[in-house]
Amino acid sequence: MDDKKEKEKVQDIVDKSMISLGIDVGIVTGLYRAFEKHNRKCTSVQLAKTAGLKERYVREWLGGMVAAELIYLDENDEYTLPISAEYMESHGKASIGRLMSNHFHQLLEVMKDETKPGYDIYNVKGLTTFMESERERPGSLWYTGGSFVKDEIEPIINWRKKEAGKAIKLMDLGCGSGAVSFEIAKHIPDIEIVGIDENESVIANANKRAQSNGLKSCSFEHCKGEDMSEKYNGSIDVVLMMDVLHDMADSDACMQSIRKILKPGGYIVAFDPPLHSNPRLNKGDLTYGGFYFISLFICLPNSLSRDAAIGHGMGWGYEDRKKYVEDWGFKICKLSEEEDVDEIKMRIVGQMI
């Protein structure tokens, strides 16, 4: 092993982590949008004025972006943003690092102290607002807008409609403020959507948004996943879980309830980050590395926050997650003849058998 090469690798990653904070500053302050108003070329004074920021701070930010070769500076002291603001703002992972850092000391406590469980995902300050905006941002890792619904969800719903011969009922389990439910309701007719979440405030917000947007096909209820079987027993055609399964502290109890609420032949559709279950297979991919650390700060503590404390997190990975769904009595389905269900991806579709 080349010691010098390994040290350079560490330094490179540390430097990149600092630059990602700079990218986030540009997203939050609207600096990329301000660049667009000058056709992506202007002085620091012009940029600061357009963004409504102090020029000296903007100039320091520009210096870092120039050093990283994300922005270019010419001999006339004009700065050029080479790619669109939309693309720069699509990298929401730059922002999530800021949310993670708010819980640095809390993470250290739960890592060290055997008497302390993890912490609830809804206690991660700013996460709900962040996810709402990312769900609606085209190009985002977490985007669930029209094209996502058309490609990833509509085929399953159409299968079920054809099988049922009538309108169907979908449950958005762990719905948050309802972003995914709203997109489905906008793009797919003849479907009733019920969203459930254990956080009361996001449910109140979801119902308010549904009412204000006139989305009568959507309703939302405060309920834990493991407690839903009594009310919805045998009434659901499709259960959707968007970035939920790997976060659960008691996924076994939830899967048991899912089997009870689904109609015969109903579907489960689970979206989770596409990591390999074997960490050796994730080697050399910084995207995968980023997923692990998001999980360390957010997903894993939530999965260890209750009595069951199953502790999946993102590191659970596609292969083991797929086997888990199969072990609960679901046949894994593919959306096309060409699709390989053994190839890692975000989506797992299972039909109850």
# chains A, B, ... in the order shown; residues from 1 in each chain; ligands from 1
$ residues_around --residues "Lys93 (chain A)" --least-positions-apart "6" --cutoff "12 Å" --atoms "only C-alpha atoms" --output "list in words"
Ser17, Ser20, Leu21, Ile23, Asp24, Ile27, Leu99, Met100, Leu127, Phe130, Met131, Glu134, Gly139, Ser140, Leu141, Trp142, Thr287, Gly290, Phe291, Phe293 and Ile294 of chain A
$ select_by_dssp --residues "region 78-197 of chain A" --states "strand (DSSP E)" --output "short mmCIF file (atom, residue, chain, number, x, y, z; two decimals) with C-alpha atoms, in the first residue's frame"
data_model
loop_
_atom_site.label_atom_id
_atom_site.label_comp_id
_atom_site.auth_asym_id
_atom_site.auth_seq_id
_atom_site.Cartn_x
_atom_site.Cartn_y
_atom_site.Cartn_z
CA TYR A 79 -16.53 35.89 -12.59
CA THR A 80 -18.17 33.24 -14.77
CA ILE A 168 -57.48 1.49 -6.43
CA LYS A 169 -56.28 2.67 -3.03
CA LEU A 170 -52.64 3.51 -2.32
CA MET A 171 -51.08 4.05 1.09
CA ASP A 172 -48.10 6.41 1.33
CA LEU A 173 -46.49 5.00 4.47
CA ILE A 191 -56.75 6.53 -7.35
CA GLU A 192 -57.47 7.13 -3.68
CA ILE A 193 -54.41 8.01 -1.61
CA VAL A 194 -54.09 7.81 2.15
CA GLY A 195 -50.88 8.98 3.75
CA ILE A 196 -49.86 8.01 7.26
CA ASP A 197 -47.02 9.25 9.41
#
$ closest_atom_pairs --of "region 4-71 of chain A" --to "region 82-86 of chain A" --cutoff "7 Å" --atoms "only C-alpha atoms" --output "Markdown table"
| residue | atom | partner | partner_atom | distance |
| --- | --- | --- | --- | --- |
| A:Tyr32 | CA | A:Ala85 | CA | 4.8 |
| A:Arg33 | CA | A:Ala85 | CA | 5.6 |
| A:Glu36 | CA | A:Ala85 | CA | 6.7 |
| A:Ile71 | CA | A:Pro82 | CA | 6.6 |
$ write_last_selection --atoms "C-alpha atoms" --output "PDB file, in the first residue's frame"
ATOM      1  CA  TYR A  32     -26.311  30.948  -8.476  1.00  0.00           C
ATOM      2  CA  ARG A  33     -29.668  32.508  -9.336  1.00  0.00           C
ATOM      3  CA  GLU A  36     -28.168  33.880 -14.019  1.00  0.00           C
ATOM      4  CA  ILE A  71     -16.313  29.440 -11.065  1.00  0.00           C
TER       5      ILE A  71
END
$ atom_distance --atom1 "CA of Asn282 (chain A)" --atom2 "CA of Lys345 (chain A)"
13.2 Å
$ select_by_dssp --residues "region 260-353 of chain A" --states "helix (DSSP H, G or I)" --output "PyMOL selection string"
chain A and resi 260-261+279-282+286-303+314-316+318-327
$ residues_around --residues "region 253-256 of chain A" --least-positions-apart "2" --cutoff "6 Å" --atoms "only C-alpha atoms" --output "ChimeraX atom specification"
/A:225-226,250-251,258-259
$ atom_distance --atom1 "CA of Leu108 (chain A)" --atom2 "CA of Val28 (chain A)"
27.5 Å
$ residues_around --residues "Ala249 (chain A)" --least-positions-apart "4" --cutoff "9 Å" --atoms "only C-alpha atoms" --output "PyMOL selection string"
chain A and resi 300-312
$ write_last_selection --atoms "N, CA and C atoms" --output "mmCIF file, in the first residue's frame"
data_model
loop_
_atom_site.group_PDB
_atom_site.id
_atom_site.type_symbol
_atom_site.label_atom_id
_atom_site.label_comp_id
_atom_site.auth_asym_id
_atom_site.auth_seq_id
_atom_site.Cartn_x
_atom_site.Cartn_y
_atom_site.Cartn_z
ATOM 1 N N LEU A 300 -29.547 5.757 10.729
ATOM 2 C CA LEU A 300 -29.224 4.736 11.725
ATOM 3 C C LEU A 300 -29.690 5.121 13.127
ATOM 4 N N PRO A 301 -29.465 6.362 13.595
ATOM 5 C CA PRO A 301 -29.979 6.726 14.921
ATOM 6 C C PRO A 301 -31.495 6.557 15.032
ATOM 7 N N ASN A 302 -32.226 6.843 13.935
ATOM 8 C CA ASN A 302 -33.676 6.640 13.970
ATOM 9 C C ASN A 302 -34.013 5.161 14.077
ATOM 10 N N SER A 303 -33.271 4.328 13.349
ATOM 11 C CA SER A 303 -33.514 2.886 13.367
ATOM 12 C C SER A 303 -33.103 2.238 14.686
ATOM 13 N N LEU A 304 -32.385 2.982 15.519
ATOM 14 C CA LEU A 304 -31.988 2.487 16.846
ATOM 15 C C LEU A 304 -32.696 3.244 17.972
ATOM 16 N N SER A 305 -33.745 4.006 17.628
ATOM 17 C CA SER A 305 -34.350 4.910 18.607
ATOM 18 C C SER A 305 -35.505 4.311 19.398
ATOM 19 N N ARG A 306 -35.960 3.108 19.040
ATOM 20 C CA ARG A 306 -37.100 2.478 19.727
ATOM 21 C C ARG A 306 -36.672 1.150 20.330
ATOM 22 N N ASP A 307 -37.601 0.521 21.021
ATOM 23 C CA ASP A 307 -37.282 -0.720 21.739
ATOM 24 C C ASP A 307 -36.740 -1.807 20.816
ATOM 25 N N ALA A 308 -37.358 -1.980 19.640
ATOM 26 C CA ALA A 308 -36.898 -3.044 18.733
ATOM 27 C C ALA A 308 -35.479 -2.777 18.251
ATOM 28 N N ALA A 309 -35.158 -1.508 17.994
ATOM 29 C CA ALA A 309 -33.805 -1.058 17.623
ATOM 30 C C ALA A 309 -33.140 -1.989 16.611
ATOM 31 N N ILE A 310 -33.813 -2.188 15.480
ATOM 32 C CA ILE A 310 -33.316 -3.148 14.496
ATOM 33 C C ILE A 310 -32.022 -2.681 13.830
ATOM 34 N N GLY A 311 -31.830 -1.361 13.720
ATOM 35 C CA GLY A 311 -30.547 -0.813 13.287
ATOM 36 C C GLY A 311 -30.158 -1.080 11.851
ATOM 37 N N HIS A 312 -31.090 -0.912 10.923
ATOM 38 C CA HIS A 312 -30.751 -1.135 9.513
ATOM 39 C C HIS A 312 -29.913 0.012 8.941
#
$ closest_residue --among "A:Thr144, A:Asn123, A:Thr29, A:Asn76" --to "Ser95 (chain A)" --atoms "only C-alpha atoms"
A:Thr29
$ decode --residues "region 211-292 of chain A" --atoms "C-alpha atoms" --output "PDB file, in the first residue's frame"
ATOM      1  CA  GLN A 211     -57.182  21.162   1.074  1.00  0.00           C
ATOM      2  CA  SER A 212     -55.591  24.326  -0.305  1.00  0.00           C
ATOM      3  CA  ASN A 213     -54.702  22.557  -3.578  1.00  0.00           C
ATOM      4  CA  GLY A 214     -58.115  20.927  -3.943  1.00  0.00           C
ATOM      5  CA  LEU A 215     -56.675  17.403  -3.965  1.00  0.00           C
ATOM      6  CA  LYS A 216     -59.750  15.522  -2.786  1.00  0.00           C
ATOM      7  CA  SER A 217     -58.243  12.128  -3.580  1.00  0.00           C
ATOM      8  CA  CYS A 218     -55.636  12.577  -0.807  1.00  0.00           C
ATOM      9  CA  SER A 219     -56.149  12.248   2.938  1.00  0.00           C
ATOM     10  CA  PHE A 220     -53.585  12.024   5.727  1.00  0.00           C
ATOM     11  CA  GLU A 221     -53.670  10.471   9.176  1.00  0.00           C
ATOM     12  CA  HIS A 222     -51.416  10.417  12.223  1.00  0.00           C
ATOM     13  CA  CYS A 223     -50.579   6.742  12.755  1.00  0.00           C
ATOM     14  CA  LYS A 224     -47.591   4.462  13.357  1.00  0.00           C
ATOM     15  CA  GLY A 225     -46.866   1.875  10.691  1.00  0.00           C
ATOM     16  CA  GLU A 226     -47.213  -0.999  13.127  1.00  0.00           C
ATOM     17  CA  ASP A 227     -50.622   0.293  14.303  1.00  0.00           C
ATOM     18  CA  MET A 228     -52.372   0.670  10.940  1.00  0.00           C
ATOM     19  CA  SER A 229     -53.713  -2.866  10.464  1.00  0.00           C
ATOM     20  CA  GLU A 230     -56.932  -2.503  12.467  1.00  0.00           C
ATOM     21  CA  LYS A 231     -58.301   0.461  10.497  1.00  0.00           C
ATOM     22  CA  TYR A 232     -57.062  -0.494   7.021  1.00  0.00           C
ATOM     23  CA  ASN A 233     -57.338  -4.281   7.218  1.00  0.00           C
ATOM     24  CA  GLY A 234     -57.548  -5.761   3.695  1.00  0.00           C
ATOM     25  CA  SER A 235     -58.346  -2.421   2.031  1.00  0.00           C
ATOM     26  CA  ILE A 236     -55.075  -1.293   0.394  1.00  0.00           C
ATOM     27  CA  ASP A 237     -53.895  -2.160  -3.127  1.00  0.00           C
ATOM     28  CA  VAL A 238     -50.403  -0.624  -3.031  1.00  0.00           C
ATOM     29  CA  VAL A 239     -48.186   0.388  -0.101  1.00  0.00           C
ATOM     30  CA  LEU A 240     -45.552   2.962  -1.025  1.00  0.00           C
ATOM     31  CA  MET A 241     -42.544   3.591   1.223  1.00  0.00           C
ATOM     32  CA  MET A 242     -40.319   6.441   0.094  1.00  0.00           C
ATOM     33  CA  ASP A 243     -36.990   6.426   1.977  1.00  0.00           C
ATOM     34  CA  VAL A 244     -38.733   4.744   4.896  1.00  0.00           C
ATOM     35  CA  LEU A 245     -37.888   1.039   5.145  1.00  0.00           C
ATOM     36  CA  HIS A 246     -34.211   1.491   6.049  1.00  0.00           C
ATOM     37  CA  ASP A 247     -35.117   4.120   8.676  1.00  0.00           C
ATOM     38  CA  MET A 248     -37.502   1.942  10.682  1.00  0.00           C
ATOM     39  CA  ALA A 249     -36.711   0.840  14.220  1.00  0.00           C
ATOM     40  CA  ASP A 250     -39.218  -2.032  14.004  1.00  0.00           C
ATOM     41  CA  SER A 251     -39.584  -2.971  10.355  1.00  0.00           C
ATOM     42  CA  ASP A 252     -40.800  -6.474  11.304  1.00  0.00           C
ATOM     43  CA  ALA A 253     -43.892  -5.090  13.058  1.00  0.00           C
ATOM     44  CA  CYS A 254     -44.541  -2.805  10.115  1.00  0.00           C
ATOM     45  CA  MET A 255     -44.210  -5.570   7.521  1.00  0.00           C
ATOM     46  CA  GLN A 256     -46.599  -7.696   9.542  1.00  0.00           C
ATOM     47  CA  SER A 257     -49.132  -4.857   9.413  1.00  0.00           C
ATOM     48  CA  ILE A 258     -48.543  -4.338   5.691  1.00  0.00           C
ATOM     49  CA  ARG A 259     -49.471  -7.947   4.979  1.00  0.00           C
ATOM     50  CA  LYS A 260     -52.711  -7.425   6.913  1.00  0.00           C
ATOM     51  CA  ILE A 261     -53.771  -4.214   5.179  1.00  0.00           C
ATOM     52  CA  LEU A 262     -52.988  -5.320   1.616  1.00  0.00           C
ATOM     53  CA  LYS A 263     -55.653  -6.923  -0.524  1.00  0.00           C
ATOM     54  CA  PRO A 264     -54.723 -10.341  -1.967  1.00  0.00           C
ATOM     55  CA  GLY A 265     -52.065  -9.826  -4.620  1.00  0.00           C
ATOM     56  CA  GLY A 266     -51.373  -6.283  -3.464  1.00  0.00           C
ATOM     57  CA  TYR A 267     -48.013  -4.587  -3.913  1.00  0.00           C
ATOM     58  CA  ILE A 268     -45.317  -3.064  -1.770  1.00  0.00           C
ATOM     59  CA  VAL A 269     -43.097  -0.442  -3.433  1.00  0.00           C
ATOM     60  CA  ALA A 270     -40.058   0.607  -1.405  1.00  0.00           C
ATOM     61  CA  PHE A 271     -37.497   3.225  -2.423  1.00  0.00           C
ATOM     62  CA  ASP A 272     -34.204   3.369  -0.521  1.00  0.00           C
ATOM     63  CA  PRO A 273     -30.653   4.521  -1.369  1.00  0.00           C
ATOM     64  CA  PRO A 274     -28.922   2.117  -3.811  1.00  0.00           C
ATOM     65  CA  LEU A 275     -26.013   0.744  -1.784  1.00  0.00           C
ATOM     66  CA  HIS A 276     -24.622  -2.773  -1.923  1.00  0.00           C
ATOM     67  CA  SER A 277     -25.156  -4.792   1.254  1.00  0.00           C
ATOM     68  CA  ASN A 278     -21.537  -5.942   1.060  1.00  0.00           C
ATOM     69  CA  PRO A 279     -19.413  -2.835   1.803  1.00  0.00           C
ATOM     70  CA  ARG A 280     -16.547  -4.240  -0.283  1.00  0.00           C
ATOM     71  CA  LEU A 281     -18.687  -3.706  -3.390  1.00  0.00           C
ATOM     72  CA  ASN A 282     -19.131  -0.013  -2.540  1.00  0.00           C
ATOM     73  CA  LYS A 283     -15.380   0.591  -2.568  1.00  0.00           C
ATOM     74  CA  GLY A 284     -14.135   3.597  -4.502  1.00  0.00           C
ATOM     75  CA  ASP A 285     -17.523   5.287  -4.944  1.00  0.00           C
ATOM     76  CA  LEU A 286     -17.774   8.587  -3.048  1.00  0.00           C
ATOM     77  CA  THR A 287     -21.540   8.682  -3.624  1.00  0.00           C
ATOM     78  CA  TYR A 288     -21.878   5.469  -1.660  1.00  0.00           C
ATOM     79  CA  GLY A 289     -19.546   6.855   0.983  1.00  0.00           C
ATOM     80  CA  GLY A 290     -21.766   9.913   1.306  1.00  0.00           C
ATOM     81  CA  PHE A 291     -24.817   7.700   1.801  1.00  0.00           C
ATOM     82  CA  TYR A 292     -23.138   5.890   4.682  1.00  0.00           C
TER      83      TYR A 292
END
